[in-house]
$ cat structure33.txt   # compact mmCIF, C-alpha atoms
# COMPACT_ATOMS: atom_id res chain seq x y z
CA MET R 1 4.88 -31.21 -10.32
CA ALA R 2 2.25 -30.23 -12.87
CA ILE R 3 -0.75 -28.32 -11.51
CA VAL R 4 -4.12 -28.23 -13.27
CA LYS R 5 -6.90 -25.94 -12.06
CA LYS R 6 -10.10 -24.38 -13.33
CA TYR R 7 -9.55 -20.64 -13.14
CA GLY R 8 -13.07 -20.08 -11.77
CA ASP R 9 -12.10 -22.11 -8.69
CA VAL R 10 -9.26 -19.72 -7.79
CA ASN R 11 -10.00 -17.24 -5.01
CA VAL R 12 -10.80 -13.70 -6.19
CA GLU R 13 -8.92 -11.02 -4.24
CA PRO R 14 -10.42 -7.53 -4.39
CA VAL R 15 -7.78 -5.10 -5.62
CA MET R 16 -9.90 -1.94 -5.98
CA ASP R 17 -13.55 -0.94 -6.42
CA GLY R 18 -15.08 -3.23 -9.02
CA VAL R 19 -11.87 -5.10 -9.78
CA GLY R 20 -10.92 -8.56 -8.50
CA MET R 21 -7.83 -10.61 -9.27
CA ARG R 22 -7.15 -14.37 -9.29
CA MET R 23 -3.53 -15.52 -9.09
CA VAL R 24 -4.04 -18.52 -11.38
CA ILE R 25 -0.34 -19.43 -11.76
CA GLY R 26 2.21 -17.73 -9.52
CA PRO R 27 5.19 -18.27 -7.23
CA GLU R 28 3.15 -20.45 -4.85
CA ASP R 29 2.62 -22.89 -7.72
CA GLY R 30 6.35 -22.94 -8.43
CA ALA R 31 6.28 -20.52 -11.37
CA PRO R 32 9.86 -19.26 -11.76
CA HIS R 33 9.64 -16.43 -14.29
CA PHE R 34 6.16 -14.98 -14.83
CA ASN R 35 2.68 -15.07 -13.35
CA MET R 36 -0.79 -15.65 -14.86
CA ARG R 37 -3.52 -13.57 -13.24
CA ILE R 38 -7.18 -13.32 -14.35
CA PHE R 39 -9.08 -10.14 -13.51
CA ASP R 40 -12.82 -9.58 -13.18
CA ILE R 41 -13.59 -5.95 -14.02
CA GLU R 42 -17.21 -4.96 -13.32
CA PRO R 43 -19.19 -2.84 -15.82
CA GLY R 44 -18.03 0.78 -15.52
CA ALA R 45 -14.96 -0.16 -13.47
CA SER R 46 -11.34 0.14 -14.56
CA THR R 47 -7.78 -0.57 -13.56
CA PRO R 48 -5.57 2.41 -12.61
CA HIS R 49 -4.28 4.84 -15.25
CA HIS R 50 -0.65 4.21 -14.47
CA SER R 51 2.71 2.90 -15.66
CA HIS R 52 5.41 0.65 -14.20
CA TRP R 53 8.67 -0.99 -15.28
CA TRP R 54 7.10 -4.33 -16.15
CA GLU R 55 5.23 -5.29 -19.29
CA HIS R 56 1.77 -6.88 -19.53
CA GLU R 57 0.76 -9.71 -21.84
CA THR R 58 -3.01 -9.63 -21.80
CA PHE R 59 -5.83 -11.69 -23.31
CA VAL R 60 -9.56 -10.98 -23.15
CA ILE R 61 -11.61 -14.05 -22.17
CA GLU R 62 -15.11 -12.51 -21.94
CA GLY R 63 -16.71 -9.09 -22.12
CA GLU R 64 -15.93 -5.78 -23.79
CA GLY R 65 -13.81 -2.79 -22.95
CA ILE R 66 -11.08 -0.46 -24.02
CA VAL R 67 -7.40 -0.13 -23.30
CA ARG R 68 -6.00 3.40 -23.00
CA THR R 69 -2.57 3.57 -24.66
CA ASP R 70 -0.08 6.21 -25.80
CA GLN R 71 -1.79 5.98 -29.22
CA GLY R 72 -5.32 6.49 -27.87
CA ASP R 73 -8.12 4.16 -26.82
CA VAL R 74 -8.45 0.77 -28.50
CA SER R 75 -11.58 -1.44 -28.29
CA LEU R 76 -11.26 -4.91 -26.80
CA LYS R 77 -13.40 -8.02 -26.83
CA ALA R 78 -12.94 -11.78 -26.38
CA GLY R 79 -9.96 -13.06 -28.33
CA HIS R 80 -8.00 -9.80 -28.33
CA ALA R 81 -4.43 -9.85 -27.03
CA VAL R 82 -2.58 -6.76 -25.82
CA PHE R 83 1.16 -6.32 -25.41
CA MET R 84 1.70 -3.35 -23.11
CA PRO R 85 5.42 -2.59 -22.80
CA GLY R 86 7.00 -1.46 -19.56
CA ASN R 87 6.77 2.26 -18.73
CA GLU R 88 3.79 3.01 -21.03
CA VAL R 89 0.83 4.66 -19.25
CA HIS R 90 -2.23 2.44 -19.65
CA GLN R 91 -5.67 1.63 -18.28
CA PHE R 92 -8.20 -1.13 -18.92
CA VAL R 93 -11.85 -0.03 -18.76
CA ASN R 94 -14.99 -2.17 -18.88
CA THR R 95 -17.31 -0.36 -21.30
CA GLY R 96 -19.73 -3.28 -21.64
CA GLU R 97 -22.71 -4.55 -19.68
CA SER R 98 -21.16 -7.77 -18.34
CA VAL R 99 -18.01 -8.57 -16.39
CA LEU R 100 -14.81 -8.10 -18.38
CA LYS R 101 -12.68 -11.20 -17.73
CA MET R 102 -9.12 -10.57 -18.73
CA MET R 103 -5.92 -12.56 -18.36
CA CYS R 104 -2.92 -10.41 -17.53
CA LEU R 105 0.56 -11.90 -17.28
CA VAL R 106 3.50 -10.16 -15.63
CA PRO R 107 7.16 -11.01 -15.09
CA GLN R 108 8.27 -11.67 -11.54
CA LYS R 109 9.86 -8.78 -9.70
CA TRP R 110 13.30 -10.38 -9.56
CA LEU R 111 13.49 -9.94 -13.35
CA GLU R 112 13.45 -6.13 -12.99
CA ASP R 113 17.18 -5.76 -13.54
CA THR R 114 17.69 -8.50 -16.11
CA THR R 115 16.68 -6.69 -19.29
CA GLY R 116 19.51 -4.17 -19.29
CA LYS R 117 16.90 -1.46 -19.80
CA PRO R 118 16.67 1.58 -17.50
CA THR R 119 13.70 1.38 -15.14
CA ILE R 120 12.58 5.00 -15.51
CA MET S 1 4.32 0.98 -28.00
CA ALA S 2 1.22 -1.01 -27.08
CA ILE S 3 0.11 -3.61 -29.61
CA VAL S 4 -3.46 -4.91 -29.82
CA LYS S 5 -4.37 -7.83 -32.06
CA LYS S 6 -7.08 -10.44 -32.47
CA TYR S 7 -5.39 -13.78 -32.03
CA GLY S 8 -7.33 -15.26 -34.94
CA ASP S 9 -5.60 -12.78 -37.27
CA VAL S 10 -2.14 -14.07 -36.38
CA ASN S 11 -0.52 -16.40 -38.93
CA VAL S 12 -0.67 -20.10 -38.00
CA GLU S 13 2.67 -21.88 -38.47
CA PRO S 14 2.49 -25.68 -38.82
CA VAL S 15 4.72 -27.26 -36.18
CA MET S 16 3.83 -30.92 -36.67
CA ASP S 17 0.98 -33.03 -38.09
CA GLY S 18 -2.29 -31.59 -36.84
CA VAL S 19 -0.68 -28.87 -34.71
CA GLY S 20 -0.34 -25.20 -35.62
CA MET S 21 1.10 -22.35 -33.58
CA ARG S 22 0.47 -18.61 -33.56
CA MET S 23 3.11 -16.36 -31.97
CA VAL S 24 0.60 -13.89 -30.54
CA ILE S 25 3.07 -11.91 -28.41
CA GLY S 26 6.79 -12.52 -28.85
CA PRO S 27 10.19 -10.90 -29.33
CA GLU S 28 9.10 -9.25 -32.61
CA ASP S 29 6.44 -7.36 -30.65
CA GLY S 30 9.06 -6.21 -28.12
CA ALA S 31 8.24 -8.79 -25.44
CA PRO S 32 11.31 -8.88 -23.16
CA HIS S 33 10.72 -11.87 -20.86
CA PHE S 34 8.11 -14.37 -22.06
CA ASN S 35 6.04 -15.24 -25.13
CA MET S 36 2.32 -15.91 -25.66
CA ARG S 37 1.60 -18.59 -28.26
CA ILE S 38 -1.82 -20.04 -29.15
CA PHE S 39 -1.92 -23.58 -30.55
CA ASP S 40 -4.58 -25.24 -32.70
CA ILE S 41 -4.50 -28.99 -32.05
CA GLU S 42 -6.72 -30.99 -34.42
CA PRO S 43 -8.94 -33.85 -33.11
CA GLY S 44 -6.71 -36.85 -32.43
CA ALA S 45 -3.49 -34.84 -32.70
CA SER S 46 -1.06 -34.10 -29.89
CA THR S 47 2.08 -32.21 -29.00
CA PRO S 48 5.27 -34.28 -28.41
CA HIS S 49 5.70 -36.40 -25.30
CA HIS S 50 8.84 -34.61 -24.13
CA SER S 51 10.51 -32.44 -21.53
CA HIS S 52 12.71 -29.32 -21.61
CA TRP S 53 14.26 -26.86 -19.17
CA TRP S 54 11.49 -24.27 -19.51
CA GLU S 55 8.09 -24.21 -17.87
CA HIS S 56 4.72 -23.82 -19.56
CA GLU S 57 1.84 -21.69 -18.35
CA THR S 58 -1.13 -22.92 -20.32
CA PHE S 59 -4.80 -21.97 -20.65
CA VAL S 60 -7.50 -23.79 -22.64
CA ILE S 61 -9.59 -21.42 -24.79
CA GLU S 62 -11.79 -23.95 -26.62
CA GLY S 63 -12.11 -27.69 -26.97
CA GLU S 64 -11.30 -30.74 -24.87
CA GLY S 65 -8.24 -32.83 -24.24
CA ILE S 66 -5.87 -34.28 -21.73
CA VAL S 67 -2.47 -33.38 -20.42
CA ARG S 68 -0.08 -36.25 -19.67
CA THR S 69 1.88 -35.51 -16.49
CA ASP S 70 4.11 -37.31 -13.97
CA GLN S 71 0.92 -37.93 -11.98
CA GLY S 72 -1.05 -39.39 -14.89
CA ASP S 73 -3.49 -37.99 -17.41
CA VAL S 74 -5.66 -35.02 -16.45
CA SER S 75 -8.75 -33.89 -18.42
CA LEU S 76 -8.82 -30.38 -19.82
CA LYS S 77 -11.52 -28.12 -21.16
CA ALA S 78 -12.10 -24.38 -21.66
CA GLY S 79 -11.11 -22.42 -18.57
CA HIS S 80 -8.52 -24.87 -17.30
CA ALA S 81 -5.02 -23.61 -16.58
CA VAL S 82 -1.94 -25.85 -16.42
CA PHE S 83 1.39 -25.07 -14.80
CA MET S 84 3.95 -27.50 -16.23
CA PRO S 85 7.31 -27.04 -14.52
CA GLY S 86 10.59 -27.32 -16.37
CA ASN S 87 11.98 -30.84 -16.88
CA GLU S 88 8.65 -32.68 -16.37
CA VAL S 89 7.69 -35.00 -19.25
CA HIS S 90 4.35 -33.88 -20.69
CA GLN S 91 2.04 -34.05 -23.69
CA PHE S 92 -1.17 -32.31 -24.68
CA VAL S 93 -3.67 -34.46 -26.59
CA ASN S 94 -6.92 -33.41 -28.28
CA THR S 95 -9.45 -36.07 -27.24
CA GLY S 96 -12.48 -34.09 -28.43
CA GLU S 97 -14.26 -33.64 -31.74
CA SER S 98 -13.34 -30.01 -32.36
CA VAL S 99 -10.06 -28.08 -32.50
CA LEU S 100 -8.35 -27.72 -29.12
CA LYS S 101 -7.29 -24.06 -28.87
CA MET S 102 -4.76 -23.64 -26.14
CA MET S 103 -2.61 -20.74 -25.03
CA CYS S 104 0.88 -21.77 -23.99
CA LEU S 105 3.33 -19.25 -22.56
CA VAL S 106 7.07 -19.83 -22.31
CA PRO S 107 10.02 -17.85 -20.98
CA GLN S 108 12.51 -16.55 -23.50
CA LYS S 109 15.64 -18.59 -24.00
CA TRP S 110 17.97 -16.01 -22.47
CA LEU S 111 16.29 -16.72 -19.11
CA GLU S 112 17.62 -20.28 -19.11
CA ASP S 113 20.43 -19.51 -16.69
CA THR S 114 18.68 -16.98 -14.47
CA THR S 115 16.80 -19.25 -12.09
CA GLY S 116 19.81 -20.70 -10.33
CA LYS S 117 18.34 -24.14 -11.03
CA PRO S 118 20.32 -26.85 -12.84
CA THR S 119 19.09 -27.42 -16.38
CA ILE S 120 19.14 -31.21 -16.29
$ encode --input "structure33.txt" --output "structure tokens"
Amino acid sequence: MAIVKKYGDVNVEPVMDGVGMRMVIGPEDGAPHFNMRIFDIEPGASTPHHSHWWEHETFVIEGEGIVRTDQGDVSLKAGHAVFMPGNEVHQFVNTGESVLKMMCLVPQKWLEDTTGKPTI
Amino acid sequence: MAIVKKYGDVNVEPVMDGVGMRMVIGPEDGAPHFNMRIFDIEPGASTPHHSHWWEHETFVIEGEGIVRTDQGDVSLKAGHAVFMPGNEVHQFVNTGESVLKMMCLVPQKWLEDTTGKPTI
């Protein structure tokens, strides 16, 4: 059954200081393969500087920031998309003066072993 | 390797009258599981009224429209997200006076047989 929602109506779960996450489309909606989350990152706040097996497909809705990548820091603003492959160390940082609103999609965990790639 | 791009810089491919598609993040970028496309739907234009095995995860960036679902027509505007499950007949229609810019994510074809669900 189709589900339509305004993302601002979805509950924000705090995930760390200055960072909240909305699960806009996920397993509870019936999503079988991948999940749409929208993060609010407060000015000065950031996501962890980390890596993991899964990729991100990211899109900036509002605000300004940077993404730390293997190739250095890259500026972000509304309308920028980021493909962050699995196992690359990365971090999203709000360098602006308003909330950085950023969509970040991830595959579901059960897909971990489906790519044939080592999960180092 | 991380890839950052402004979606407006991605080439628009015509897919039918009044509808163009940008492959913002796809297999050519190294995406392993799912693809981010952004559609421009001109005023009065629409996507096909159809169904297929794969789901959509959709997000309206700009403009106004409706989505036709099994439960009827639902209004859409910027900030609305739509989960359209596989095999539900659907159509996106631009009912506004400006271009409807809509992100639409799909799983890659090789995932067709991974859900354990029949592809009727």
$ residues_around --input "structure33.txt" --residues "Thr69 in chain S" --least-positions-apart "3" --cutoff "10 Å" --atoms "only C-alpha atoms" --output "ChimeraX atom specification"
/R:1-4 /S:49,66,72-74,84,88-92
$ residues_near_point --input "structure33.txt" --point "(-6.3, -35.6, -28.7)" --cutoff "8 Å" --atoms "only C-alpha atoms" --output "list in words"
Ile41, Glu42, Pro43, Gly44, Ala45, Ser46, Glu64, Gly65, Ile66, Phe92, Val93, Asn94, Thr95 and Gly96 of chain S
$ residues_near_point --input "structure33.txt" --point "(-7.9, -6.3, -6.0)" --cutoff "12 Å" --atoms "all atoms listed in the file" --output "VMD selection string"
chain R and resid 11 to 23 37 to 42 45 to 48
$ interface_residues --input "structure33.txt" --of "chain R" --to "chain S" --cutoff "7 Å" --atoms "all atoms listed in the file" --output "mmCIF file with C-alpha atoms, keeping the file's coordinate frame"
data_model
loop_
_atom_site.group_PDB
_atom_site.id
_atom_site.type_symbol
_atom_site.label_atom_id
_atom_site.label_comp_id
_atom_site.auth_asym_id
_atom_site.auth_seq_id
_atom_site.Cartn_x
_atom_site.Cartn_y
_atom_site.Cartn_z
ATOM 1 C CA MET R 1 4.880 -31.210 -10.320
ATOM 2 C CA ALA R 2 2.250 -30.230 -12.870
ATOM 3 C CA ILE R 3 -0.750 -28.320 -11.510
ATOM 4 C CA VAL R 4 -4.120 -28.230 -13.270
ATOM 5 C CA LYS R 5 -6.900 -25.940 -12.060
ATOM 6 C CA LYS R 6 -10.100 -24.380 -13.330
ATOM 7 C CA TYR R 7 -9.550 -20.640 -13.140
ATOM 8 C CA ILE R 25 -0.340 -19.430 -11.760
ATOM 9 C CA PRO R 32 9.860 -19.260 -11.760
ATOM 10 C CA HIS R 33 9.640 -16.430 -14.290
ATOM 11 C CA THR R 69 -2.570 3.570 -24.660
ATOM 12 C CA GLY R 79 -9.960 -13.060 -28.330
ATOM 13 C CA HIS R 80 -8.000 -9.800 -28.330
ATOM 14 C CA ALA R 81 -4.430 -9.850 -27.030
ATOM 15 C CA VAL R 82 -2.580 -6.760 -25.820
ATOM 16 C CA PHE R 83 1.160 -6.320 -25.410
ATOM 17 C CA MET R 84 1.700 -3.350 -23.110
ATOM 18 C CA PRO R 85 5.420 -2.590 -22.800
ATOM 19 C CA PRO R 107 7.160 -11.010 -15.090
ATOM 20 C CA THR R 115 16.680 -6.690 -19.290
#
$ atom_distance --input "structure33.txt" --atom1 "CA of Leu100 in chain S" --atom2 "CA of Glu62 in chain R"
18.1 Å
$ atom_distance --input "structure33.txt" --atom1 "CA of His52 in chain R" --atom2 "CA of Met102 in chain R"
18.9 Å
$ decode --input "structure33.txt" --residues "range 70-103 of chain S" --atoms "N, CA and C atoms" --output "PDB file, in the first residue's frame"
ATOM      1  N   ASP S  70      -3.491   2.985  -5.237  1.00  0.00           N
ATOM      2  CA  ASP S  70      -4.632   2.075  -5.046  1.00  0.00           C
ATOM      3  C   ASP S  70      -5.706   2.698  -4.162  1.00  0.00           C
ATOM      4  N   GLN S  71      -5.315   3.658  -3.342  1.00  0.00           N
ATOM      5  CA  GLN S  71      -6.264   4.307  -2.423  1.00  0.00           C
ATOM      6  C   GLN S  71      -6.770   5.641  -2.960  1.00  0.00           C
ATOM      7  N   GLY S  72      -6.484   5.949  -4.210  1.00  0.00           N
ATOM      8  CA  GLY S  72      -6.935   7.209  -4.789  1.00  0.00           C
ATOM      9  C   GLY S  72      -5.775   8.160  -5.016  1.00  0.00           C
ATOM     10  N   ASP S  73      -6.114   9.392  -5.369  1.00  0.00           N
ATOM     11  CA  ASP S  73      -5.110  10.407  -5.660  1.00  0.00           C
ATOM     12  C   ASP S  73      -4.707  11.115  -4.366  1.00  0.00           C
ATOM     13  N   VAL S  74      -3.416  11.372  -4.222  1.00  0.00           N
ATOM     14  CA  VAL S  74      -2.911  12.067  -3.038  1.00  0.00           C
ATOM     15  C   VAL S  74      -2.093  13.265  -3.512  1.00  0.00           C
ATOM     16  N   SER S  75      -2.338  14.443  -2.923  1.00  0.00           N
ATOM     17  CA  SER S  75      -1.607  15.659  -3.296  1.00  0.00           C
ATOM     18  C   SER S  75      -0.162  15.597  -2.814  1.00  0.00           C
ATOM     19  N   LEU S  76       0.703  16.197  -3.607  1.00  0.00           N
ATOM     20  CA  LEU S  76       2.130  16.231  -3.278  1.00  0.00           C
ATOM     21  C   LEU S  76       2.668  17.649  -3.421  1.00  0.00           C
ATOM     22  N   LYS S  77       3.569  18.013  -2.543  1.00  0.00           N
ATOM     23  CA  LYS S  77       4.350  19.236  -2.723  1.00  0.00           C
ATOM     24  C   LYS S  77       5.727  19.047  -2.080  1.00  0.00           C
ATOM     25  N   ALA S  78       6.574  20.076  -2.159  1.00  0.00           N
ATOM     26  CA  ALA S  78       7.942  19.945  -1.656  1.00  0.00           C
ATOM     27  C   ALA S  78       7.950  19.447  -0.220  1.00  0.00           C
ATOM     28  N   GLY S  79       8.792  18.447   0.040  1.00  0.00           N
ATOM     29  CA  GLY S  79       8.903  17.891   1.379  1.00  0.00           C
ATOM     30  C   GLY S  79       8.076  16.645   1.608  1.00  0.00           C
ATOM     31  N   HIS S  80       7.264  16.266   0.616  1.00  0.00           N
ATOM     32  CA  HIS S  80       6.513  15.018   0.737  1.00  0.00           C
ATOM     33  C   HIS S  80       7.354  13.840   0.253  1.00  0.00           C
ATOM     34  N   ALA S  81       7.258  12.747   0.991  1.00  0.00           N
ATOM     35  CA  ALA S  81       7.905  11.493   0.605  1.00  0.00           C
ATOM     36  C   ALA S  81       6.818  10.472   0.284  1.00  0.00           C
ATOM     37  N   VAL S  82       7.090   9.625  -0.704  1.00  0.00           N
ATOM     38  CA  VAL S  82       6.141   8.575  -1.099  1.00  0.00           C
ATOM     39  C   VAL S  82       6.876   7.237  -1.097  1.00  0.00           C
ATOM     40  N   PHE S  83       6.328   6.261  -0.386  1.00  0.00           N
ATOM     41  CA  PHE S  83       6.766   4.882  -0.569  1.00  0.00           C
ATOM     42  C   PHE S  83       5.724   4.181  -1.429  1.00  0.00           C
ATOM     43  N   MET S  84       6.163   3.755  -2.626  1.00  0.00           N
ATOM     44  CA  MET S  84       5.279   3.032  -3.545  1.00  0.00           C
ATOM     45  C   MET S  84       5.792   1.596  -3.632  1.00  0.00           C
ATOM     46  N   PRO S  85       5.062   0.649  -3.040  1.00  0.00           N
ATOM     47  CA  PRO S  85       5.575  -0.728  -3.052  1.00  0.00           C
ATOM     48  C   PRO S  85       5.554  -1.330  -4.445  1.00  0.00           C
ATOM     49  N   GLY S  86       6.331  -2.373  -4.636  1.00  0.00           N
ATOM     50  CA  GLY S  86       6.327  -3.092  -5.898  1.00  0.00           C
ATOM     51  C   GLY S  86       4.929  -3.596  -6.214  1.00  0.00           C
ATOM     52  N   ASN S  87       4.609  -3.619  -7.501  1.00  0.00           N
ATOM     53  CA  ASN S  87       3.372  -4.195  -8.039  1.00  0.00           C
ATOM     54  C   ASN S  87       2.107  -3.379  -7.778  1.00  0.00           C
ATOM     55  N   GLU S  88       2.231  -2.153  -7.210  1.00  0.00           N
ATOM     56  CA  GLU S  88       1.057  -1.278  -7.093  1.00  0.00           C
ATOM     57  C   GLU S  88       1.027  -0.341  -8.308  1.00  0.00           C
ATOM     58  N   VAL S  89      -0.147  -0.234  -8.937  1.00  0.00           N
ATOM     59  CA  VAL S  89      -0.297   0.672 -10.083  1.00  0.00           C
ATOM     60  C   VAL S  89      -0.194   2.112  -9.580  1.00  0.00           C
ATOM     61  N   HIS S  90       0.561   2.938 -10.276  1.00  0.00           N
ATOM     62  CA  HIS S  90       0.796   4.305  -9.794  1.00  0.00           C
ATOM     63  C   HIS S  90       1.114   5.230 -10.962  1.00  0.00           C
ATOM     64  N   GLN S  91       1.010   6.518 -10.684  1.00  0.00           N
ATOM     65  CA  GLN S  91       1.314   7.554 -11.672  1.00  0.00           C
ATOM     66  C   GLN S  91       1.575   8.854 -10.932  1.00  0.00           C
ATOM     67  N   PHE S  92       2.575   9.579 -11.368  1.00  0.00           N
ATOM     68  CA  PHE S  92       2.865  10.904 -10.817  1.00  0.00           C
ATOM     69  C   PHE S  92       2.462  11.940 -11.870  1.00  0.00           C
ATOM     70  N   VAL S  93       1.699  12.937 -11.452  1.00  0.00           N
ATOM     71  CA  VAL S  93       1.151  13.935 -12.373  1.00  0.00           C
ATOM     72  C   VAL S  93       1.510  15.333 -11.861  1.00  0.00           C
ATOM     73  N   ASN S  94       2.031  16.181 -12.723  1.00  0.00           N
ATOM     74  CA  ASN S  94       2.279  17.576 -12.359  1.00  0.00           C
ATOM     75  C   ASN S  94       0.979  18.362 -12.549  1.00  0.00           C
ATOM     76  N   THR S  95       0.366  18.773 -11.456  1.00  0.00           N
ATOM     77  CA  THR S  95      -0.876  19.553 -11.505  1.00  0.00           C
ATOM     78  C   THR S  95      -0.615  21.032 -11.236  1.00  0.00           C
ATOM     79  N   GLY S  96       0.652  21.415 -11.120  1.00  0.00           N
ATOM     80  CA  GLY S  96       0.993  22.804 -10.808  1.00  0.00           C
ATOM     81  C   GLY S  96       1.353  23.601 -12.040  1.00  0.00           C
ATOM     82  N   GLU S  97       1.909  24.787 -11.816  1.00  0.00           N
ATOM     83  CA  GLU S  97       2.261  25.678 -12.920  1.00  0.00           C
ATOM     84  C   GLU S  97       3.760  25.783 -13.145  1.00  0.00           C
ATOM     85  N   SER S  98       4.525  25.051 -12.343  1.00  0.00           N
ATOM     86  CA  SER S  98       5.978  25.037 -12.522  1.00  0.00           C
ATOM     87  C   SER S  98       6.438  23.586 -12.629  1.00  0.00           C
ATOM     88  N   VAL S  99       7.716  23.407 -12.948  1.00  0.00           N
ATOM     89  CA  VAL S  99       8.246  22.041 -13.096  1.00  0.00           C
ATOM     90  C   VAL S  99       8.168  21.310 -11.750  1.00  0.00           C
ATOM     91  N   LEU S 100       7.705  20.081 -11.791  1.00  0.00           N
ATOM     92  CA  LEU S 100       7.709  19.205 -10.615  1.00  0.00           C
ATOM     93  C   LEU S 100       9.040  18.476 -10.614  1.00  0.00           C
ATOM     94  N   LYS S 101       9.863  18.769  -9.605  1.00  0.00           N
ATOM     95  CA  LYS S 101      11.184  18.116  -9.494  1.00  0.00           C
ATOM     96  C   LYS S 101      11.088  17.095  -8.382  1.00  0.00           C
ATOM     97  N   MET S 102      11.324  15.851  -8.740  1.00  0.00           N
ATOM     98  CA  MET S 102      11.011  14.761  -7.836  1.00  0.00           C
ATOM     99  C   MET S 102      12.128  13.727  -7.859  1.00  0.00           C
ATOM    100  N   MET S 103      12.669  13.432  -6.701  1.00  0.00           N
ATOM    101  CA  MET S 103      13.647  12.354  -6.599  1.00  0.00           C
ATOM    102  C   MET S 103      12.913  11.024  -6.540  1.00  0.00           C
TER     103      MET S 103
END
